[in-house]
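A.B. asks: model_35.txt is the file, holding compact mmCIF, C-alpha atoms and all ligand atoms:
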# COMPACT_ATOMS: atom_id res chain seq x y z
CA MET A 1387 66.91 74.54 72.65
CA ALA A 1388 68.11 75.09 76.23
CA THR A 1389 69.25 78.63 77.06
CA PRO A 1390 72.78 78.66 78.67
CA THR A 1391 72.67 79.72 82.31
CA LEU A 1392 75.01 82.35 83.79
CA ASP A 1393 76.83 79.55 85.73
CA LYS A 1394 77.67 77.77 82.50
CA VAL A 1395 79.00 80.95 80.89
CA GLU A 1396 81.32 81.51 83.90
CA ASP A 1397 82.49 77.87 83.77
CA ALA A 1398 83.56 78.48 80.17
CA LYS A 1399 86.19 81.11 81.21
CA PRO A 1400 89.76 80.09 80.25
CA ALA A 1401 92.12 79.17 83.08
CA SER A 1402 94.15 82.24 84.18
CA ALA A 1403 97.56 82.60 82.49
CA PRO A 1404 100.67 81.72 84.57
CA SER A 1405 102.28 84.71 86.26
CA PRO A 1406 105.15 86.17 84.22
CA TYR A 1407 106.88 87.33 87.41
CA ILE A 1408 110.13 85.84 88.67
CA THR A 1409 112.25 86.67 91.71
CA VAL A 1410 115.44 88.50 90.84
CA THR A 1411 118.12 89.83 93.18
CA PHE A 1412 119.43 93.32 92.49
CA ARG A 1413 122.85 93.62 94.17
CA ILE A 1414 123.41 97.38 94.38
CA ARG A 1415 126.55 99.20 95.50
CA ARG A 1416 125.27 101.71 98.04
CA TYR A 1417 127.16 104.80 99.14
CA ASN A 1418 125.95 107.59 101.35
CA PRO A 1419 128.72 109.92 102.62
CA GLU A 1420 126.38 111.13 105.39
CA ILE A 1421 126.33 107.62 106.86
CA SER A 1422 129.68 106.05 106.00
CA SER A 1423 132.80 106.79 103.99
CA GLU A 1424 132.71 103.20 102.69
CA ALA A 1425 130.46 101.88 99.94
CA GLU A 1426 128.79 98.51 100.47
CA TRP A 1427 126.75 96.03 98.46
CA GLN A 1428 123.11 95.54 99.38
CA ASP A 1429 120.81 92.82 98.03
CA PHE A 1430 117.20 93.53 97.05
CA PRO A 1431 115.08 90.56 95.99
CA ILE A 1432 112.25 91.76 93.73
CA GLU A 1433 109.36 90.23 91.82
CA ILE A 1434 109.58 91.35 88.23
CA ASP A 1435 108.60 90.35 84.70
CA PRO A 1436 111.86 89.47 82.91
CA LYS A 1437 110.62 91.49 79.94
CA GLU A 1438 110.86 94.61 82.09
CA ARG A 1439 113.98 96.73 82.29
CA VAL A 1440 116.58 97.24 84.99
CA LEU A 1441 115.17 100.76 85.43
CA ASP A 1442 111.74 99.25 86.27
CA GLY A 1443 113.40 97.13 88.96
CA LEU A 1444 115.14 100.17 90.43
CA HIS A 1445 111.81 102.03 90.51
CA LYS A 1446 110.21 99.07 92.27
CA ILE A 1447 112.89 99.15 94.97
CA LYS A 1448 112.73 102.91 95.36
CA TRP A 1449 108.94 103.12 95.47
CA GLU A 1450 108.17 99.95 97.44
CA THR A 1451 111.20 99.02 99.55
CA ASP A 1452 113.77 101.75 100.10
CA GLY A 1453 113.06 105.34 99.14
CA THR A 1454 116.65 106.35 99.89
CA LEU A 1455 118.00 104.48 96.85
CA THR A 1456 119.40 107.23 94.63
CA PHE A 1457 119.85 107.17 90.86
CA ARG A 1458 119.28 109.48 87.90
CA ARG A 1459 116.76 108.94 85.15
CA SER A 1460 114.48 111.13 83.13
CA CYS A 1461 113.12 109.99 79.76
CA ALA A 1462 113.16 106.21 80.45
CA HIS A 1463 113.53 105.64 76.70
CA GLY A 1464 117.23 105.89 75.86
CA ILE A 1465 117.16 109.56 74.88
CA CYS A 1466 118.28 111.73 77.81
CA GLY A 1467 121.40 109.73 78.71
CA SER A 1468 120.97 110.17 82.46
CA ASP A 1469 120.84 106.54 83.66
CA ALA A 1470 124.17 105.09 82.55
CA MET A 1471 125.42 102.64 85.20
CA ARG A 1472 127.57 99.53 85.48
CA ILE A 1473 125.26 96.54 85.22
CA ASN A 1474 126.96 93.18 85.67
CA GLY A 1475 130.30 94.95 85.18
CA LYS A 1476 129.36 96.62 81.90
CA ASN A 1477 128.29 100.20 81.22
CA ARG A 1478 124.69 100.29 80.04
CA LEU A 1479 121.57 102.43 80.19
CA ALA A 1480 119.22 101.00 82.83
CA CYS A 1481 116.21 101.98 80.71
CA LYS A 1482 117.48 100.02 77.70
CA THR A 1483 118.55 96.85 79.52
CA LEU A 1484 115.99 94.06 79.74
CA ILE A 1485 116.16 91.77 82.78
CA LYS A 1486 115.91 88.68 80.57
CA ASP A 1487 119.03 89.69 78.63
CA ILE A 1488 121.36 89.75 81.65
CA ASN A 1489 120.91 86.32 83.26
CA PRO A 1490 118.33 86.96 86.00
CA GLU A 1491 119.15 83.59 87.62
CA LYS A 1492 122.18 85.18 89.28
CA PRO A 1493 122.21 88.41 91.32
CA ILE A 1494 122.39 91.40 88.98
CA THR A 1495 125.14 93.77 90.13
CA ILE A 1496 124.47 97.47 89.71
CA GLU A 1497 126.97 100.19 90.56
CA ALA A 1498 127.89 103.74 89.59
CA ILE A 1499 129.95 104.32 86.43
CA LYS A 1500 133.71 104.49 87.04
CA GLY A 1501 136.16 107.40 86.87
CA LEU A 1502 133.80 110.07 88.20
CA THR A 1503 133.30 110.84 91.91
CA VAL A 1504 130.31 109.01 93.38
CA LEU A 1505 128.01 111.45 95.18
CA LYS A 1506 125.43 108.93 96.38
CA ASP A 1507 124.57 105.35 95.37
CA LEU A 1508 124.42 105.39 91.55
CA VAL A 1509 124.81 109.15 91.12
CA VAL A 1510 128.20 110.52 90.06
CA ASP A 1511 129.50 114.06 89.73
CA MET A 1512 129.13 114.78 86.00
CA ASP A 1513 130.75 118.24 86.15
CA PRO A 1514 134.20 117.16 84.84
CA PHE A 1515 132.50 115.25 82.04
CA PHE A 1516 130.41 118.24 80.93
CA GLN A 1517 133.37 120.60 81.34
CA ALA A 1518 135.35 118.54 78.79
CA TYR A 1519 132.30 118.70 76.50
CA ARG A 1520 132.13 122.50 76.83
CA ASP A 1521 135.88 122.80 76.25
CA VAL A 1522 135.61 121.44 72.68
CA MET A 1523 133.03 124.13 71.83
CA PRO A 1524 130.09 121.93 70.78
CA PHE A 1525 128.38 124.50 68.57
CA LEU A 1526 128.72 125.78 65.01
CA ILE A 1527 131.35 128.48 64.60
CA THR A 1528 131.20 130.70 61.53
CA LYS A 1529 132.88 133.91 60.43
CA GLY A 1530 131.79 136.86 58.33
CA ASN A 1531 128.33 138.23 57.81
CA GLU A 1532 125.23 136.19 58.48
CA PRO A 1533 124.02 134.56 55.26
CA THR A 1534 120.73 135.66 53.79
CA ARG A 1535 119.57 132.07 53.38
CA GLU A 1536 120.20 128.69 55.03
CA ARG A 1537 123.69 127.16 54.88
CA LEU A 1538 123.47 124.39 52.32
CA GLN A 1539 125.19 121.03 52.72
CA SER A 1540 125.34 118.03 50.40
CA ALA A 1541 124.13 114.62 51.54
CA GLU A 1542 127.74 113.36 51.26
CA ASP A 1543 129.04 116.12 53.50
CA ARG A 1544 126.28 115.46 56.05
CA GLU A 1545 127.18 111.77 56.04
CA ARG A 1546 130.73 112.51 57.27
CA PHE A 1547 129.57 113.28 60.78
CA ASP A 1548 126.22 111.49 60.87
CA ASP A 1549 127.37 108.87 63.39
CA THR A 1550 128.61 111.36 65.95
CA THR A 1551 125.34 113.36 65.90
CA LYS A 1552 123.71 110.45 67.75
CA CYS A 1553 125.51 111.08 71.04
CA ILE A 1554 123.24 111.51 74.07
CA LEU A 1555 126.06 112.47 76.49
CA CYS A 1556 125.45 109.50 78.76
CA ALA A 1557 129.18 109.13 79.64
CA ALA A 1558 129.12 105.36 79.16
CA CYS A 1559 132.11 105.63 76.82
CA THR A 1560 134.25 108.01 78.87
CA SER A 1561 133.63 106.10 82.10
CA SER A 1562 134.62 102.80 80.47
CA CYS A 1563 137.99 104.18 79.33
CA PRO A 1564 141.04 102.98 81.34
CA VAL A 1565 142.96 106.16 80.45
CA PHE A 1566 140.16 108.24 81.97
CA TRP A 1567 140.05 106.03 85.09
CA ASN A 1568 143.75 106.69 85.67
CA ASP A 1569 143.70 110.37 84.84
CA GLY A 1570 140.44 112.31 84.88
CA GLN A 1571 142.21 115.19 83.07
CA TYR A 1572 141.93 113.32 79.75
CA PHE A 1573 139.15 114.84 77.62
CA GLY A 1574 137.66 111.39 77.16
CA PRO A 1575 135.85 109.77 74.24
CA ALA A 1576 132.55 111.66 74.56
CA ALA A 1577 134.19 115.08 74.26
CA ILE A 1578 136.15 113.91 71.21
CA VAL A 1579 132.99 112.46 69.63
CA ASN A 1580 131.28 115.83 70.06
CA ALA A 1581 134.30 117.69 68.67
CA HIS A 1582 134.21 115.31 65.68
CA ARG A 1583 130.57 116.19 65.08
CA PHE A 1584 131.59 119.83 64.38
CA ILE A 1585 135.11 119.40 62.96
CA PHE A 1586 133.71 117.37 60.05
CA ASP A 1587 130.69 119.61 59.48
CA SER A 1588 131.28 121.49 56.20
CA ARG A 1589 129.34 124.51 57.53
CA ASP A 1590 131.63 124.94 60.56
CA GLU A 1591 134.73 127.16 60.58
CA GLY A 1592 136.09 126.34 64.03
CA GLY A 1593 137.75 123.03 63.16
CA GLU A 1594 141.32 124.32 63.54
CA GLN A 1595 140.54 125.69 67.00
CA ARG A 1596 139.00 122.43 68.15
CA LEU A 1597 141.90 120.42 66.77
CA GLU A 1598 144.36 122.59 68.67
CA ILE A 1599 142.38 122.04 71.87
CA LEU A 1600 142.53 118.26 71.33
CA ASN A 1601 146.25 118.43 70.45
CA ASP A 1602 146.82 119.14 74.15
CA LYS A 1603 148.66 116.66 76.41
CA ASP A 1604 145.25 115.66 77.81
CA GLY A 1605 143.75 115.46 74.35
CA VAL A 1606 143.25 112.91 71.64
CA TRP A 1607 146.77 111.40 71.77
CA ARG A 1608 146.04 109.87 75.17
CA CYS A 1609 143.67 107.39 73.50
CA ARG A 1610 145.14 103.85 73.54
CA THR A 1611 142.55 102.40 71.13
CA THR A 1612 141.19 99.83 73.58
CA PHE A 1613 137.70 99.98 71.99
CA ASN A 1614 136.04 99.96 75.44
CA CYS A 1615 134.23 103.14 74.42
CA THR A 1616 132.80 101.66 71.23
CA ASP A 1617 131.64 98.56 73.13
CA ALA A 1618 129.97 100.70 75.81
CA CYS A 1619 128.09 103.16 73.59
CA PRO A 1620 124.33 102.48 73.83
CA ARG A 1621 123.78 104.43 70.60
CA GLY A 1622 126.10 102.18 68.60
CA ILE A 1623 128.41 105.07 67.70
CA GLU A 1624 131.80 103.97 66.37
CA VAL A 1625 133.57 106.00 69.03
CA THR A 1626 137.09 104.68 68.44
CA LYS A 1627 136.75 105.30 64.70
CA ALA A 1628 135.70 108.90 65.38
CA ILE A 1629 138.75 109.36 67.63
CA GLN A 1630 141.00 107.93 64.90
CA GLU A 1631 139.51 110.36 62.37
CA VAL A 1632 140.25 113.30 64.64
CA LYS A 1633 143.84 112.06 65.10
CA ARG A 1634 144.22 111.79 61.33
CA ALA A 1635 142.79 115.29 60.84
CA LEU A 1636 145.37 116.60 63.30
CA ILE A 1637 148.21 115.07 61.29
CA THR A 1638 146.96 115.93 57.81
CA ARG A 1639 145.00 119.09 58.68
CA ARG A 1640 142.44 117.83 56.21
CA PHE A 1641 138.88 117.56 57.41
S1 LIG A 1701 129.41 108.49 72.45
FE1 LIG A 1701 127.88 106.97 73.07
S2 LIG A 1701 128.58 106.28 75.09
FE2 LIG A 1701 129.67 108.18 74.66
S3 LIG A 1701 128.44 109.78 75.63
FE3 LIG A 1701 127.79 109.64 73.48
S4 LIG A 1701 126.06 108.20 73.49
FE4 LIG A 1701 127.10 107.96 75.46
S1 LIG A 1702 116.36 107.50 81.40
FE1 LIG A 1702 116.85 108.70 79.66
S2 LIG A 1702 118.32 107.49 78.63
FE2 LIG A 1702 117.64 106.19 80.23
Before we go any further, please render this structure as structure tokens.
C.D. replies:
Amino acid sequence: MATPTLDKVEDAKPASAPSPYITVTFRIRRYNPEISSEAEWQDFPIEIDPKERVLDGLHKIKWETDGTLTFRRSCAHGICGSDAMRINGKNRLACKTLIKDINPEKPITIEAIKGLTVLKDLVVDMDPFFQAYRDVMPFLITKGNEPTRERLQSAEDRERFDDTTKCILCAACTSSCPVFWNDGQYFGPAAIVNAHRFIFDSRDEGGEQRLEILNDKDGVWRCRTTFNCTDACPRGIEVTKAIQEVKRALITRRF
């Protein structure tokens, strides 16, 4: 029997697979106060696999085309909440948005989230957002002596605030809220979600205090139930429902 030659073995290689890459245009709203007081759109055509994420495209631009492009990101896996931005007019996390899911045949618009001051490109000043979060005291408050063992809680009691424990403080909800756009003094959905997380925790004793804080003119009553916040939340939290529950607790004082 004839021994196969090296040439024949090489001939038997399969034809190379077609490239998965396509050309996509990222249309990014650029702003640099050191250069101009006006923001402007800039197009970046990139070669990218549509199964990659918007964050991968932004990295490509930053690392290969324009190092001045400025945006926040950290974990790249939907946990840290730092890369919320408006993608095709909707608040999303860049690291959780696949190119193929947002019609790559048209330019993909990317801009900073609304309602917070833009510092540069896609980076906004998050201080007012985190101040509202701090104002609702997002920590367990208890009175009396420290217990000698852990504070027990039933599965049913834990369930009451399970949804609102999932918040990653990305600000997608607050910056999609028309009330917040018009008046940045409003606490905003994210702060109320985080107040909810403690108000309905059976181990907490600061519920009354938090409710009084949210009873303020800039508090929970400003919500107009537009559901923008629920639609925007990348964690699937029922934000509007949580706000309604806090409103109800304020009226009934039962929580
Ligand atoms: S509630 Fe959702 S959208 Fe709002 S800050 Fe938390 S994770 Fe982000
Ligand atoms: S980079 Fe952390 S949530 Fe997207």
A.B. asks: How close does each residue of chain A get to ligand LIG 1702 (chain A), giving the shortest atom pair and distance in Å to one decimal for every residue with an atom at most 10 Å away, counting only C-alpha atoms and all ligand atoms, sorted by chain and residue number, as a tab-separated table?
C.D. replies:
residue	atom	partner	partner_atom	distance
A:Leu1441	CA	A:LIG1702	FE2	7.9
A:Arg1458	CA	A:LIG1702	S1	7.4
A:Arg1459	CA	A:LIG1702	S1	4.0
A:Ser1460	CA	A:LIG1702	S1	4.4
A:Cys1461	CA	A:LIG1702	FE1	3.9
A:Ala1462	CA	A:LIG1702	S1	3.6
A:His1463	CA	A:LIG1702	FE1	5.4
A:Gly1464	CA	A:LIG1702	S2	3.4
A:Ile1465	CA	A:LIG1702	S2	4.4
A:Cys1466	CA	A:LIG1702	FE1	3.8
A:Gly1467	CA	A:LIG1702	S2	3.8
A:Ser1468	CA	A:LIG1702	FE1	5.2
A:Asp1469	CA	A:LIG1702	FE2	4.7
A:Ala1470	CA	A:LIG1702	FE2	7.0
A:Met1471	CA	A:LIG1702	FE2	9.9
A:Arg1478	CA	A:LIG1702	FE2	9.2
A:Leu1479	CA	A:LIG1702	FE2	5.4
A:Ala1480	CA	A:LIG1702	FE2	6.0
A:Cys1481	CA	A:LIG1702	FE2	4.5
A:Lys1482	CA	A:LIG1702	FE2	6.7
A:Thr1483	CA	A:LIG1702	FE2	9.4
A:Ile1554	CA	A:LIG1702	S2	7.8
A:Leu1555	CA	A:LIG1702	S2	9.4
A:Cys1556	CA	A:LIG1702	S2	7.4
A:Pro1620	CA	A:LIG1702	S2	9.2
A.B. asks: Could those selected residues go to a file with C-alpha atoms, as a tab-separated table (two decimals), in the frame of the given file?
C.D. replies:
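For reference, part_20.tsv as written:
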chain	number	residue	atom	x	y	z
A	1441	LEU	CA	115.17	100.76	85.43
A	1458	ARG	CA	119.28	109.48	87.90
A	1459	ARG	CA	116.76	108.94	85.15
A	1460	SER	CA	114.48	111.13	83.13
A	1461	CYS	CA	113.12	109.99	79.76
A	1462	ALA	CA	113.16	106.21	80.45
A	1463	HIS	CA	113.53	105.64	76.70
A	1464	GLY	CA	117.23	105.89	75.86
A	1465	ILE	CA	117.16	109.56	74.88
A	1466	CYS	CA	118.28	111.73	77.81
A	1467	GLY	CA	121.40	109.73	78.71
A	1468	SER	CA	120.97	110.17	82.46
A	1469	ASP	CA	120.84	106.54	83.66
A	1470	ALA	CA	124.17	105.09	82.55
A	1471	MET	CA	125.42	102.64	85.20
A	1478	ARG	CA	124.69	100.29	80.04
A	1479	LEU	CA	121.57	102.43	80.19
A	1480	ALA	CA	119.22	101.00	82.83
A	1481	CYS	CA	116.21	101.98	80.71
A	1482	LYS	CA	117.48	100.02	77.70
A	1483	THR	CA	118.55	96.85	79.52
A	1554	ILE	CA	123.24	111.51	74.07
A	1555	LEU	CA	126.06	112.47	76.49
A	1556	CYS	CA	125.45	109.50	78.76
A	1620	PRO	CA	124.33	102.48	73.83
A.B. asks: With the cut-off set at 8 Å and counting only C-alpha atoms and all ligand atoms, tabulate each residue of chain A with an atom at most that distance from an atom of ligand LIG 1701 (chain A), showing the nearest atom pair and its distance in Å to one decimal, ordered by chain and increasing number, as CSV.
C.D. replies:
residue,atom,partner,partner_atom,distance
A:Gly1467,CA,A:LIG1701,FE4,6.8
A:Thr1550,CA,A:LIG1701,S1,7.2
A:Lys1552,CA,A:LIG1701,S4,6.6
A:Cys1553,CA,A:LIG1701,FE3,3.6
A:Ile1554,CA,A:LIG1701,S4,4.4
A:Leu1555,CA,A:LIG1701,S3,3.7
A:Cys1556,CA,A:LIG1701,FE4,4.0
A:Ala1557,CA,A:LIG1701,S3,4.1
A:Ala1558,CA,A:LIG1701,S2,4.2
A:Cys1559,CA,A:LIG1701,S2,4.0
A:Thr1560,CA,A:LIG1701,FE2,6.2
A:Pro1575,CA,A:LIG1701,FE2,6.4
A:Ala1576,CA,A:LIG1701,FE2,4.5
A:Ala1577,CA,A:LIG1701,S3,7.9
A:Val1579,CA,A:LIG1701,S1,6.0
A:Asn1580,CA,A:LIG1701,FE3,7.9
A:Cys1615,CA,A:LIG1701,S2,6.5
A:Thr1616,CA,A:LIG1701,S2,7.4
A:Ala1618,CA,A:LIG1701,S2,5.8
A:Cys1619,CA,A:LIG1701,S2,3.5
A:Pro1620,CA,A:LIG1701,FE1,5.8
A:Arg1621,CA,A:LIG1701,S4,5.3
A:Gly1622,CA,A:LIG1701,FE1,6.8
A:Ile1623,CA,A:LIG1701,FE1,5.7
A:Glu1624,CA,A:LIG1701,S1,7.9
A:Val1625,CA,A:LIG1701,S1,5.9
A.B. asks: One decimal, Å: what's the distance from atom CA of A:Gln1571 over to atom CA of A:Asp1513, could you say?
C.D. replies: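 Computing it gives 12.3 Å between the two atoms.
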A.B. asks: Using atom CA of A:Asp1548 and atom CA of A:Cys1609 as the two end points, give the distance in Å to one decimal.
C.D. replies: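 Pair atom CA of A:Asp1548 / atom CA of A:Cys1609 returns 21.9 Å.
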A.B. asks: Can you measure atom CA of A:Ile1629 to atom CA of A:Ile1578 for me? One decimal in Å is fine.
C.D. replies: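 Result for atom CA of A:Ile1629 versus atom CA of A:Ile1578: 6.3 Å, one decimal.
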A.B. asks: Kindly indicate which residue among A:Thr1451, A:Gln1595, A:Ser1540, A:Ser1561 lies nearest to A:Leu1526, using only C-alpha atoms for the distances.
C.D. replies: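 The closest residue to A:Leu1526 is A:Gln1595.
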A.B. asks: Rank A:Arg1472, A:Val1509, A:Trp1427, A:Glu1591 by their smallest atom-to-atom distance to A:Gly1530, using all atoms listed in the file, and report the top residue only.
C.D. replies: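 Looking at the shortest contact to A:Gly1530, the residue is A:Glu1591.
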A.B. asks: Of the candidates A:Val1606, A:Ile1585, A:Ala1635, A:Ile1434, which shows the shortest atom-to-atom distance to A:Phe1525, using only C-alpha atoms?
C.D. replies: A:Ile1585
A.B. asks: Just the residues within 12 Å of A:Asp1569, please, counting only C-alpha atoms, with nothing from its chain fewer than 3 positions along; format it as a list in words.
C.D. replies: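 Counting only C-alpha atoms, the residues come to Lys1500, Gly1501, Leu1502, Pro1514, Thr1560, Ser1561, Cys1563, Pro1564, Val1565, Phe1566, Tyr1572, Phe1573, Gly1574, Lys1603, Asp1604, Gly1605, Arg1608 and Cys1609 of chain A.
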A.B. asks: How would the residues just chosen look if you wrote them out with C-alpha atoms as an mmCIF file, in the frame of the given file?
C.D. replies:
data_model
loop_
_atom_site.group_PDB
_atom_site.id
_atom_site.type_symbol
_atom_site.label_atom_id
_atom_site.label_comp_id
_atom_site.auth_asym_id
_atom_site.auth_seq_id
_atom_site.Cartn_x
_atom_site.Cartn_y
_atom_site.Cartn_z
ATOM 1 C CA LYS A 1500 133.710 104.490 87.040
ATOM 2 C CA GLY A 1501 136.160 107.400 86.870
ATOM 3 C CA LEU A 1502 133.800 110.070 88.200
ATOM 4 C CA PRO A 1514 134.200 117.160 84.840
ATOM 5 C CA THR A 1560 134.250 108.010 78.870
ATOM 6 C CA SER A 1561 133.630 106.100 82.100
ATOM 7 C CA CYS A 1563 137.990 104.180 79.330
ATOM 8 C CA PRO A 1564 141.040 102.980 81.340
ATOM 9 C CA VAL A 1565 142.960 106.160 80.450
ATOM 10 C CA PHE A 1566 140.160 108.240 81.970
ATOM 11 C CA TYR A 1572 141.930 113.320 79.750
ATOM 12 C CA PHE A 1573 139.150 114.840 77.620
ATOM 13 C CA GLY A 1574 137.660 111.390 77.160
ATOM 14 C CA LYS A 1603 148.660 116.660 76.410
ATOM 15 C CA ASP A 1604 145.250 115.660 77.810
ATOM 16 C CA GLY A 1605 143.750 115.460 74.350
ATOM 17 C CA ARG A 1608 146.040 109.870 75.170
ATOM 18 C CA CYS A 1609 143.670 107.390 73.500
#
A.B. asks: What lies within 12 Å of A:Lys1448 using only C-alpha atoms, ignoring chain neighbours under 6 positions off, as a PyMOL selection string?
C.D. replies: chain A and resi 1430+1432+1441-1442+1454-1458
A.B. asks: Any chance you could build stretch 1488-1511 of chain A out to N, CA and C atoms and write it as a PDB file, in the coordinates of the input?
C.D. replies:
ATOM      1  N   ILE A1488     120.149  89.700  80.817  1.00  0.00           N
ATOM      2  CA  ILE A1488     121.360  89.750  81.650  1.00  0.00           C
ATOM      3  C   ILE A1488     121.354  88.667  82.728  1.00  0.00           C
ATOM      4  N   ASN A1489     120.899  87.491  82.382  1.00  0.00           N
ATOM      5  CA  ASN A1489     120.910  86.320  83.260  1.00  0.00           C
ATOM      6  C   ASN A1489     120.321  86.585  84.648  1.00  0.00           C
ATOM      7  N   PRO A1490     118.981  86.637  84.723  1.00  0.00           N
ATOM      8  CA  PRO A1490     118.330  86.960  86.000  1.00  0.00           C
ATOM      9  C   PRO A1490     118.443  85.839  87.032  1.00  0.00           C
ATOM     10  N   GLU A1491     119.024  84.683  86.629  1.00  0.00           N
ATOM     11  CA  GLU A1491     119.150  83.590  87.620  1.00  0.00           C
ATOM     12  C   GLU A1491     120.216  83.904  88.660  1.00  0.00           C
ATOM     13  N   LYS A1492     121.142  84.764  88.324  1.00  0.00           N
ATOM     14  CA  LYS A1492     122.180  85.180  89.280  1.00  0.00           C
ATOM     15  C   LYS A1492     121.879  86.602  89.745  1.00  0.00           C
ATOM     16  N   PRO A1493     122.410  87.010  90.924  1.00  0.00           N
ATOM     17  CA  PRO A1493     122.210  88.410  91.320  1.00  0.00           C
ATOM     18  C   PRO A1493     122.750  89.349  90.236  1.00  0.00           C
ATOM     19  N   ILE A1494     121.985  90.399  89.971  1.00  0.00           N
ATOM     20  CA  ILE A1494     122.390  91.400  88.980  1.00  0.00           C
ATOM     21  C   ILE A1494     123.113  92.520  89.726  1.00  0.00           C
ATOM     22  N   THR A1495     124.398  92.718  89.431  1.00  0.00           N
ATOM     23  CA  THR A1495     125.140  93.770  90.130  1.00  0.00           C
ATOM     24  C   THR A1495     124.932  95.118  89.428  1.00  0.00           C
ATOM     25  N   ILE A1496     124.709  96.120  90.250  1.00  0.00           N
ATOM     26  CA  ILE A1496     124.470  97.470  89.710  1.00  0.00           C
ATOM     27  C   ILE A1496     125.297  98.453  90.532  1.00  0.00           C
ATOM     28  N   GLU A1497     126.140  99.217  89.843  1.00  0.00           N
ATOM     29  CA  GLU A1497     126.970 100.190  90.560  1.00  0.00           C
ATOM     30  C   GLU A1497     127.151 101.440  89.692  1.00  0.00           C
ATOM     31  N   ALA A1498     127.676 102.484  90.314  1.00  0.00           N
ATOM     32  CA  ALA A1498     127.890 103.740  89.590  1.00  0.00           C
ATOM     33  C   ALA A1498     128.963 103.547  88.516  1.00  0.00           C
ATOM     34  N   ILE A1499     128.903 104.357  87.448  1.00  0.00           N
ATOM     35  CA  ILE A1499     129.950 104.320  86.430  1.00  0.00           C
ATOM     36  C   ILE A1499     131.277 104.747  87.049  1.00  0.00           C
ATOM     37  N   LYS A1500     132.378 104.269  86.448  1.00  0.00           N
ATOM     38  CA  LYS A1500     133.710 104.490  87.040  1.00  0.00           C
ATOM     39  C   LYS A1500     134.352 105.798  86.544  1.00  0.00           C
ATOM     40  N   GLY A1501     135.335 106.269  87.323  1.00  0.00           N
ATOM     41  CA  GLY A1501     136.160 107.400  86.870  1.00  0.00           C
ATOM     42  C   GLY A1501     135.619 108.759  87.260  1.00  0.00           C
ATOM     43  N   LEU A1502     134.383 108.814  87.754  1.00  0.00           N
ATOM     44  CA  LEU A1502     133.800 110.070  88.200  1.00  0.00           C
ATOM     45  C   LEU A1502     133.429 109.892  89.682  1.00  0.00           C
ATOM     46  N   THR A1503     133.531 110.952  90.460  1.00  0.00           N
ATOM     47  CA  THR A1503     133.300 110.840  91.910  1.00  0.00           C
ATOM     48  C   THR A1503     131.847 110.456  92.191  1.00  0.00           C
ATOM     49  N   VAL A1504     131.681 109.414  93.014  1.00  0.00           N
ATOM     50  CA  VAL A1504     130.310 109.010  93.380  1.00  0.00           C
ATOM     51  C   VAL A1504     129.801 109.976  94.446  1.00  0.00           C
ATOM     52  N   LEU A1505     128.624 110.533  94.205  1.00  0.00           N
ATOM     53  CA  LEU A1505     128.010 111.450  95.180  1.00  0.00           C
ATOM     54  C   LEU A1505     127.107 110.669  96.130  1.00  0.00           C
ATOM     55  N   LYS A1506     126.309 109.773  95.564  1.00  0.00           N
ATOM     56  CA  LYS A1506     125.430 108.930  96.380  1.00  0.00           C
ATOM     57  C   LYS A1506     124.953 107.756  95.523  1.00  0.00           C
ATOM     58  N   ASP A1507     125.036 106.556  96.064  1.00  0.00           N
ATOM     59  CA  ASP A1507     124.570 105.350  95.370  1.00  0.00           C
ATOM     60  C   ASP A1507     125.017 105.311  93.903  1.00  0.00           C
ATOM     61  N   LEU A1508     124.092 105.530  92.965  1.00  0.00           N
ATOM     62  CA  LEU A1508     124.420 105.390  91.550  1.00  0.00           C
ATOM     63  C   LEU A1508     124.643 106.741  90.862  1.00  0.00           C
ATOM     64  N   VAL A1509     124.667 107.795  91.668  1.00  0.00           N
ATOM     65  CA  VAL A1509     124.810 109.150  91.120  1.00  0.00           C
ATOM     66  C   VAL A1509     126.252 109.611  91.211  1.00  0.00           C
ATOM     67  N   VAL A1510     126.823 110.012  90.069  1.00  0.00           N
ATOM     68  CA  VAL A1510     128.200 110.520  90.060  1.00  0.00           C
ATOM     69  C   VAL A1510     128.202 112.008  89.742  1.00  0.00           C
ATOM     70  N   ASP A1511     129.330 112.644  90.051  1.00  0.00           N
ATOM     71  CA  ASP A1511     129.500 114.060  89.730  1.00  0.00           C
ATOM     72  C   ASP A1511     129.846 114.170  88.245  1.00  0.00           C
TER      73      ASP A1511
END
